[in-house]
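Visitor: I am attaching a structure below and will ask some questions about it afterwards.
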Amino acid sequence: MSDKGTILKIKDISKEYPSVKANDSVSLDLEYGKIQALLGENGAGKSTLVKIIYGLVKPDSGRMYLNDMEYRPKGPQDARSKGVGMVFQHFSLFDALSVFENIALGLDNILEKKELKKQIIDVSSEYGLSISLDKIVGNLSAGERQRIEIIRCLLLNPKIMIMDEPTSVLTPGEVSDLFLVLQKLSKSGMSILYISHKLEEIRTICTKATIMRRGRVVKNCDPQKISATKIAEEMVGTSFSSPKKSKIRKGKECLQINNLSFQPSDPFGIPIKNLNLKLHHGEIIGIGGVAGNGQEEFLSLLSGELKPSNGSLFFNDEDITKYNVVERRNKGLLSAPEERLGHAAVPAMSLTENCLITAEHRMKLSKRGLIDYRISKNLSDRIIKKLDVRTGGSDALARSLSGGNLQKFVIGRELIQNPKIFIVNQPTWGVDAAAASSIRQQILDLAKEGAGIIVISQDLDELLEISDVFCALVGGQLSSPEMTNELNPSRLGMLISNSIE
Amino acid sequence: MDFSDINFSLLIASLIVAATPILLAALGELVAEKSGVLNLGVEGMMIFGAISGFIITIETKNPWLGFLCSSIGGMLLASIFAVVTQIFRANQVASGLALTLFGLGLSALLGQSYTGIKPVAFPDMHIPILADIPVIGIILFQHDFIVYFSIFVVFLIYYLFRNSHFGLIIKAVGENHDSAHALGYNVILIRFFTILLGGALAGLGGGYLSLVRVPQWTEGMTAGAGWIALALVVFASWQPFRLLIGAYIFGGITLLQLNLQALGLEINVALLSMSPYLVTIGVLVFMSARRNKNSLEAPKSLGKTFFGL
């Protein structure tokens, strides 16, 4: 890695939105051929800064210099032509179009199909980004989609590549593939601005980090030289502790899953095959595995959204197989699905209304069919306070919240209802370190109070941290439960990568 | 009853004429919907095109100028829709319905003194040699310019969305306007263009109705053709060639049932009158039944207002 100095210099950038000062005189130097991290909690102003660099947002004040020349992008096209490329957090892809069409759309100069195809194949083989051009993007995995974005970005020969939380949707295998690509790119002289709040990742591949908090830069450091805890403390401004697991006090059996099977009608759905599991009061079962192995289906079968084609469910010895979602909720079986916008919460409704959706009966928010808005608002205020949800208030629309904050809200909404059984998929997805640790602590507290909990997650560290029993869900089949504290990494790898003998 | 009273080659030739207005309007709507705009004002744009073209033809005695003005008329109405929905971000469904009502009312007002007049005939093109082939010549090669133009537009739009970069951009805008914006495409400008194009084609379709198909001016003469065009776009799953088939089936059954009524067939007239709608929808549903999911779906941003970032 050659060190030729600064390629992009940002000086005193400020940007104010009606309710918040997103960037408050932010300065940052991006160096040649380096992978540099931009760190911060949800809402720290990282995304705004990046949008300013990429020309999507105009700053109120401040200047930027690219190779010592004043840089003031008029828009993304202008930024791209000056050598600044970006790979988005929520991929800016078009589901109904093919891979090739998606790539062609991201380019500013129109090329002959053949010529473009050749270039794509060259780039993808050079950096090991394999992709098939004729597939429809809607059917691809997150990792494949990201590859398209990266190829699209690379075809423009950028000098700077911005990556907004590139690993938040990837499986561990895909993450290490991505890191190899990034290292190759930085060796070839490209500067990468890497945004994340996953500290371990940053310690692995970044050599410089800029930490932001509430719109300001609070620290520049070399993440490989200081500890993850120290970085995390800088991010949140206070120190926080990782959740404490108390001794398991396993109670009576509360949920029994017998030979549960499900045959999806959707051709892309995953069939669930003969699933057996016993959950006890006070126990946390962690379900690990790579996304798309039946996690969604499993949760929906337990919550009552899907009806099994075979098998039965017993809740405290009562057969609940035929119960629908509301009946199960009334019994005390609550769940929180993975997709927060559109599944867990209705984007266009306020937090109070979203609260009503799952808590109406259990928390008695309505009387004789009429909604009591006073109590409902009260409840959602309590959730907001308890989980430190950063929002304008309980009247804010669900879609106005950042992903992490909405996640806190939808998890809090279930936790506050004192579930007897709680099933959750990806509880801390896209949530910053401090909030993730607080959510985990609350899950542990819930178990301590005697609830049985099933946590489905792709974050193995999370499962190892909080679960008592571990199973892997692979291809719609569940491995036999093992005690978490007896697991070692190689055994885990075996379970996840398949292999139920 | 005697079916030999029906001359089938003439029937097919006239079904093409009957289908052309709907085909043109539907093609315009297809492009607009591909870019994510749901314009329910097709009926209004058609009838306004019909009266604009009719008035100009009567006044100038030049049907070519009439057709030009029916396109311009459709575009004028479409531009109201474009300004209201794209710049002032009004709801597309409500604005489209208003546009239809406005077009119907305005055309009735303008057309008051033009009822019952016959316009100058628009000449058929007698394509040399080909037109003299028996049967096929009558069916295919003795039509007027607009019929051939509408078929040309089918090919053009097919090419636009299959092979051209511009078509790809239109599709992208209609699929996900936020992503398209993030890539730096001007969503509003592109939608303005497709809305105006839609208006021009709907207006031309309307003009064909009042200048060739009928040919005279009657208040409310589109009689739901614009709505049929809208439905055809959906049932043809946004594909121009299926649109062509759908429009011709609709035109064909419409004429056939009229012929059958004239023959005094002992089927309830109401049943016969509804048959074009049923058969067209049936055929298109059948055609789309076995296709894979992605090629069938509506553009994802269809009818949604773009707010920018």
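Numbering starts fresh at 1 for the residues of each chain in the structure tokens, the chains themselves are lettered A, B, ... in the order given, and ligands are numbered from 1 as they appear.
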With only C-alpha atoms considered, list every residue of chain A at most 6 Å from chain B, as a ChimeraX atom specification.
Guide: /A:76-77,92
Visitor: Compile the contact shell of A:Gln426 as a list of chain:residue names: residues with an atom at most 7 Å away, counting only C-alpha atoms, same-chain residues fewer than 4 positions apart removed.
Guide: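 My reading of the contact set: A:Glu338, A:Ile456, A:Ser457, A:Gln458.
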Visitor: Save out the residues we just selected, C-alpha atoms, as a PDB file, in the first residue's frame.
Guide:
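Produced file part-v9.pdb, reproduced below:
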```
ATOM      1  CA  GLU A 338     -37.275 -10.034  10.745  1.00  0.00           C
ATOM      2  CA  ILE A 456     -33.417 -16.864  15.344  1.00  0.00           C
ATOM      3  CA  SER A 457     -30.325 -15.020  14.207  1.00  0.00           C
ATOM      4  CA  GLN A 458     -27.528 -15.034  11.694  1.00  0.00           C
TER       5      GLN A 458
END
```
Visitor: If you count only C-alpha atoms, which residues fall within 9 Å of A:Pro172, apart from same-chain ones fewer than 2 positions away, as a PyMOL selection string?
Guide: chain A and resi 167+170+174-177+290+458-459
Visitor: Generate the output file for the selected residues, all heavy atoms, as an mmCIF file, in the first residue's frame.
Guide:
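Once everything was written out, this is result02.cif:
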```cif
data_model
loop_
_atom_site.group_PDB
_atom_site.id
_atom_site.type_symbol
_atom_site.label_atom_id
_atom_site.label_comp_id
_atom_site.auth_asym_id
_atom_site.auth_seq_id
_atom_site.Cartn_x
_atom_site.Cartn_y
_atom_site.Cartn_z
ATOM 1 N N THR A 167 -21.814 -5.110 4.973
ATOM 2 C CA THR A 167 -21.941 -6.491 5.447
ATOM 3 C C THR A 167 -23.227 -6.745 6.213
ATOM 4 O O THR A 167 -23.460 -7.859 6.643
ATOM 5 C CB THR A 167 -20.770 -6.854 6.373
ATOM 6 O OG1 THR A 167 -20.781 -5.942 7.469
ATOM 7 C CG2 THR A 167 -19.459 -6.771 5.651
ATOM 8 N N LEU A 170 -25.059 -9.651 4.742
ATOM 9 C CA LEU A 170 -24.305 -10.776 4.183
ATOM 10 C C LEU A 170 -24.116 -11.909 5.188
ATOM 11 O O LEU A 170 -24.116 -11.691 6.396
ATOM 12 C CB LEU A 170 -22.929 -10.292 3.721
ATOM 13 C CG LEU A 170 -22.927 -9.193 2.665
ATOM 14 C CD1 LEU A 170 -21.509 -8.948 2.189
ATOM 15 C CD2 LEU A 170 -23.815 -9.559 1.507
ATOM 16 N N GLU A 174 -19.955 -14.807 2.818
ATOM 17 C CA GLU A 174 -19.982 -13.698 1.866
ATOM 18 C C GLU A 174 -19.145 -12.526 2.369
ATOM 19 O O GLU A 174 -18.513 -11.824 1.595
ATOM 20 C CB GLU A 174 -21.428 -13.259 1.625
ATOM 21 C CG GLU A 174 -22.215 -14.240 0.786
ATOM 22 C CD GLU A 174 -23.704 -13.899 0.695
ATOM 23 O OE1 GLU A 174 -24.245 -13.259 1.610
ATOM 24 O OE2 GLU A 174 -24.319 -14.294 -0.300
ATOM 25 N N VAL A 175 -19.131 -12.332 3.686
ATOM 26 C CA VAL A 175 -18.338 -11.245 4.250
ATOM 27 C C VAL A 175 -16.860 -11.464 3.967
ATOM 28 O O VAL A 175 -16.157 -10.551 3.524
ATOM 29 C CB VAL A 175 -18.587 -11.114 5.773
ATOM 30 C CG1 VAL A 175 -17.578 -10.164 6.395
ATOM 31 C CG2 VAL A 175 -19.995 -10.627 6.043
ATOM 32 N N SER A 176 -16.376 -12.691 4.181
ATOM 33 C CA SER A 176 -14.938 -12.880 3.960
ATOM 34 C C SER A 176 -14.601 -12.768 2.474
ATOM 35 O O SER A 176 -13.526 -12.280 2.119
ATOM 36 C CB SER A 176 -14.451 -14.193 4.563
ATOM 37 O OG SER A 176 -15.229 -15.249 4.097
ATOM 38 N N ASP A 177 -15.521 -13.180 1.602
ATOM 39 C CA ASP A 177 -15.302 -12.954 0.161
ATOM 40 C C ASP A 177 -15.166 -11.466 -0.133
ATOM 41 O O ASP A 177 -14.294 -11.027 -0.872
ATOM 42 C CB ASP A 177 -16.486 -13.497 -0.667
ATOM 43 C CG ASP A 177 -16.495 -15.007 -0.708
ATOM 44 O OD1 ASP A 177 -15.485 -15.601 -0.272
ATOM 45 O OD2 ASP A 177 -17.497 -15.571 -1.172
ATOM 46 N N VAL A 290 -27.616 -19.774 7.987
ATOM 47 C CA VAL A 290 -27.533 -18.739 6.975
ATOM 48 C C VAL A 290 -28.943 -18.365 6.510
ATOM 49 O O VAL A 290 -29.824 -19.224 6.466
ATOM 50 C CB VAL A 290 -26.700 -19.283 5.803
ATOM 51 C CG1 VAL A 290 -26.619 -18.270 4.693
ATOM 52 C CG2 VAL A 290 -25.320 -19.664 6.289
ATOM 53 N N GLN A 458 -28.686 -14.639 12.496
ATOM 54 C CA GLN A 458 -27.528 -15.034 11.694
ATOM 55 C C GLN A 458 -26.238 -14.581 12.350
ATOM 56 O O GLN A 458 -25.155 -14.844 11.862
ATOM 57 C CB GLN A 458 -27.642 -14.408 10.310
ATOM 58 C CG GLN A 458 -28.655 -15.134 9.462
ATOM 59 C CD GLN A 458 -29.199 -14.252 8.387
ATOM 60 O OE1 GLN A 458 -28.445 -13.697 7.613
ATOM 61 N NE2 GLN A 458 -30.498 -14.102 8.353
ATOM 62 N N ASP A 459 -26.384 -13.857 13.445
ATOM 63 C CA ASP A 459 -25.219 -13.385 14.168
ATOM 64 C C ASP A 459 -24.867 -14.439 15.225
ATOM 65 O O ASP A 459 -25.475 -14.523 16.280
ATOM 66 C CB ASP A 459 -25.571 -12.036 14.817
ATOM 67 C CG ASP A 459 -24.370 -11.413 15.474
ATOM 68 O OD1 ASP A 459 -23.381 -12.140 15.704
ATOM 69 O OD2 ASP A 459 -24.413 -10.203 15.764
#
```
Visitor: Do you know which residues are at most 6 Å from stretch 348-360 of chain A counting only C-alpha atoms, after dropping those on the same chain fewer than 2 positions away, and could you put them as a list in words?
Guide: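 Near neighbours after the sequence-gap exclusion: Ala345, Val346, Arg362, Met363, Lys364, Leu365, Lys377, Ser380, Ser394, Asp395, Ala396, Leu397 and Ala398 of chain A.
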Visitor: Go ahead and write the residues just picked, N, CA and C atoms, as a compact mmCIF listing (two decimals), in the first residue's frame.
Guide:
```
# COMPACT_ATOMS: atom_id res chain seq x y z
N ALA A 345 -44.01 -3.78 11.22
CA ALA A 345 -44.64 -2.48 11.39
C ALA A 345 -45.21 -2.00 10.07
N VAL A 346 -46.29 -1.23 10.15
CA VAL A 346 -46.88 -0.64 8.95
C VAL A 346 -46.22 0.72 8.72
N ARG A 362 -53.93 -7.97 24.24
CA ARG A 362 -53.16 -8.36 25.41
C ARG A 362 -53.02 -7.20 26.40
N MET A 363 -52.88 -6.00 25.87
CA MET A 363 -52.71 -4.87 26.77
C MET A 363 -54.02 -4.11 26.96
N LYS A 364 -55.12 -4.66 26.47
CA LYS A 364 -56.46 -4.06 26.63
C LYS A 364 -56.49 -2.61 26.17
N LEU A 365 -56.11 -2.39 24.94
CA LEU A 365 -56.07 -1.03 24.41
C LEU A 365 -57.40 -0.63 23.81
N LYS A 377 -51.35 5.43 23.51
CA LYS A 377 -50.25 6.39 23.38
C LYS A 377 -49.30 6.26 24.57
N SER A 380 -47.11 3.27 23.99
CA SER A 380 -46.01 3.44 23.05
C SER A 380 -44.98 4.42 23.60
N SER A 394 -44.51 9.45 19.83
CA SER A 394 -45.29 8.28 19.44
C SER A 394 -46.21 8.57 18.26
N ASP A 395 -46.29 9.85 17.84
CA ASP A 395 -47.10 10.16 16.66
C ASP A 395 -46.29 10.04 15.36
N ALA A 396 -44.98 9.84 15.49
CA ALA A 396 -44.14 9.73 14.29
C ALA A 396 -44.54 8.50 13.49
N LEU A 397 -44.47 8.60 12.17
CA LEU A 397 -44.78 7.44 11.33
C LEU A 397 -43.64 6.43 11.43
N ALA A 398 -44.01 5.16 11.34
CA ALA A 398 -43.00 4.11 11.47
C ALA A 398 -41.89 4.29 10.44
```
Visitor: Any idea what's packed within 12 Å of A:Ser402, counting only C-alpha atoms, ignoring anything in its chain fewer than 5 positions away? Could you give it as a ChimeraX atom specification?
Guide: /A:41-45,47,340-341,347,389-392,396-397,407-409,430-432
Visitor: Write out as a list of chain:residue names all residues of stretch 10-255 of chain B that backbone DSSP assigns to strand (DSSP E or B).
Guide: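 Selecting the strand (DSSP E or B) positions of stretch 10-255 of chain B gives B:Thr115, B:Asp124, B:Asp144, B:Trp217.
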Visitor: If we count only C-alpha atoms and set the cut-off at 12 Å, which residues sit around stretch 134-137 of chain B, ignoring sequence neighbours fewer than 2 positions away in its own chain? Please answer as a ChimeraX atom specification.
Guide: /B:7-13,125-132,139-143
Visitor: Rounded to one decimal place, report the atom CA of A:Val469-atom CA of A:Asn488 distance in Å.
Guide: 13.3 Å
Visitor: Per DSSP on the backbone, what are the alpha helix (DSSP H) residues of stretch 330-374 of chain A, as number ranges by chain?
Guide: A: 330-331, 351-359, 373-374
Visitor: Taking only C-alpha atoms into account, name the residue in A:Leu178, A:Lys34, A:Glu449, A:Ile496 that is nearest to A:Phe470.
Guide: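 That would be A:Ile496, the residue with the smallest distance to A:Phe470.
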Visitor: Would you please work out which residue, of A:Ile272, A:Ile421, A:Ile13, A:Leu38, is nearest to A:Asn330 when using only C-alpha atoms?
Guide: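 For A:Asn330, the nearest of the candidates is A:Ile421.
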Visitor: Select from stretch 90-204 of chain B every residue with an atom at most 9 Å from any atom of stretch 234-251 of chain B, then for each give the shortest pair of atoms and their distance in Å to one decimal, using only C-alpha atoms, rows by chain and rising number, as a tab-separated table.
Guide:
```
residue	atom	partner	partner_atom	distance
B:Ile151	CA	B:Leu244	CA	8.0
B:Val153	CA	B:Pro240	CA	9.0
B:Val154	CA	B:Pro240	CA	5.6
B:Phe155	CA	B:Pro240	CA	7.7
B:Ile157	CA	B:Pro240	CA	6.7
B:Tyr158	CA	B:Pro240	CA	6.0
```
Visitor: For the selection just defined, write its residues with N, CA and C atoms to a file, as a PDB file, in the first residue's frame.
Guide:
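Listing of selection.pdb after writing:
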```pdb
ATOM      1  N   ILE B 151     -49.292  -0.019 -36.116  1.00  0.00           N
ATOM      2  CA  ILE B 151     -48.528  -1.267 -36.058  1.00  0.00           C
ATOM      3  C   ILE B 151     -47.028  -0.966 -35.950  1.00  0.00           C
ATOM      4  N   VAL B 153     -45.844   1.563 -34.422  1.00  0.00           N
ATOM      5  CA  VAL B 153     -45.595   1.954 -33.028  1.00  0.00           C
ATOM      6  C   VAL B 153     -45.446   0.723 -32.133  1.00  0.00           C
ATOM      7  N   VAL B 154     -46.223  -0.329 -32.424  1.00  0.00           N
ATOM      8  CA  VAL B 154     -46.077  -1.574 -31.654  1.00  0.00           C
ATOM      9  C   VAL B 154     -44.632  -2.058 -31.723  1.00  0.00           C
ATOM     10  N   PHE B 155     -44.104  -2.118 -32.954  1.00  0.00           N
ATOM     11  CA  PHE B 155     -42.721  -2.572 -33.131  1.00  0.00           C
ATOM     12  C   PHE B 155     -41.748  -1.621 -32.434  1.00  0.00           C
ATOM     13  N   ILE B 157     -42.187   0.343 -29.861  1.00  0.00           N
ATOM     14  CA  ILE B 157     -42.197   0.242 -28.396  1.00  0.00           C
ATOM     15  C   ILE B 157     -41.568  -1.069 -27.956  1.00  0.00           C
ATOM     16  N   TYR B 158     -41.816  -2.104 -28.737  1.00  0.00           N
ATOM     17  CA  TYR B 158     -41.171  -3.381 -28.444  1.00  0.00           C
ATOM     18  C   TYR B 158     -39.656  -3.207 -28.457  1.00  0.00           C
TER      19      TYR B 158
END
```
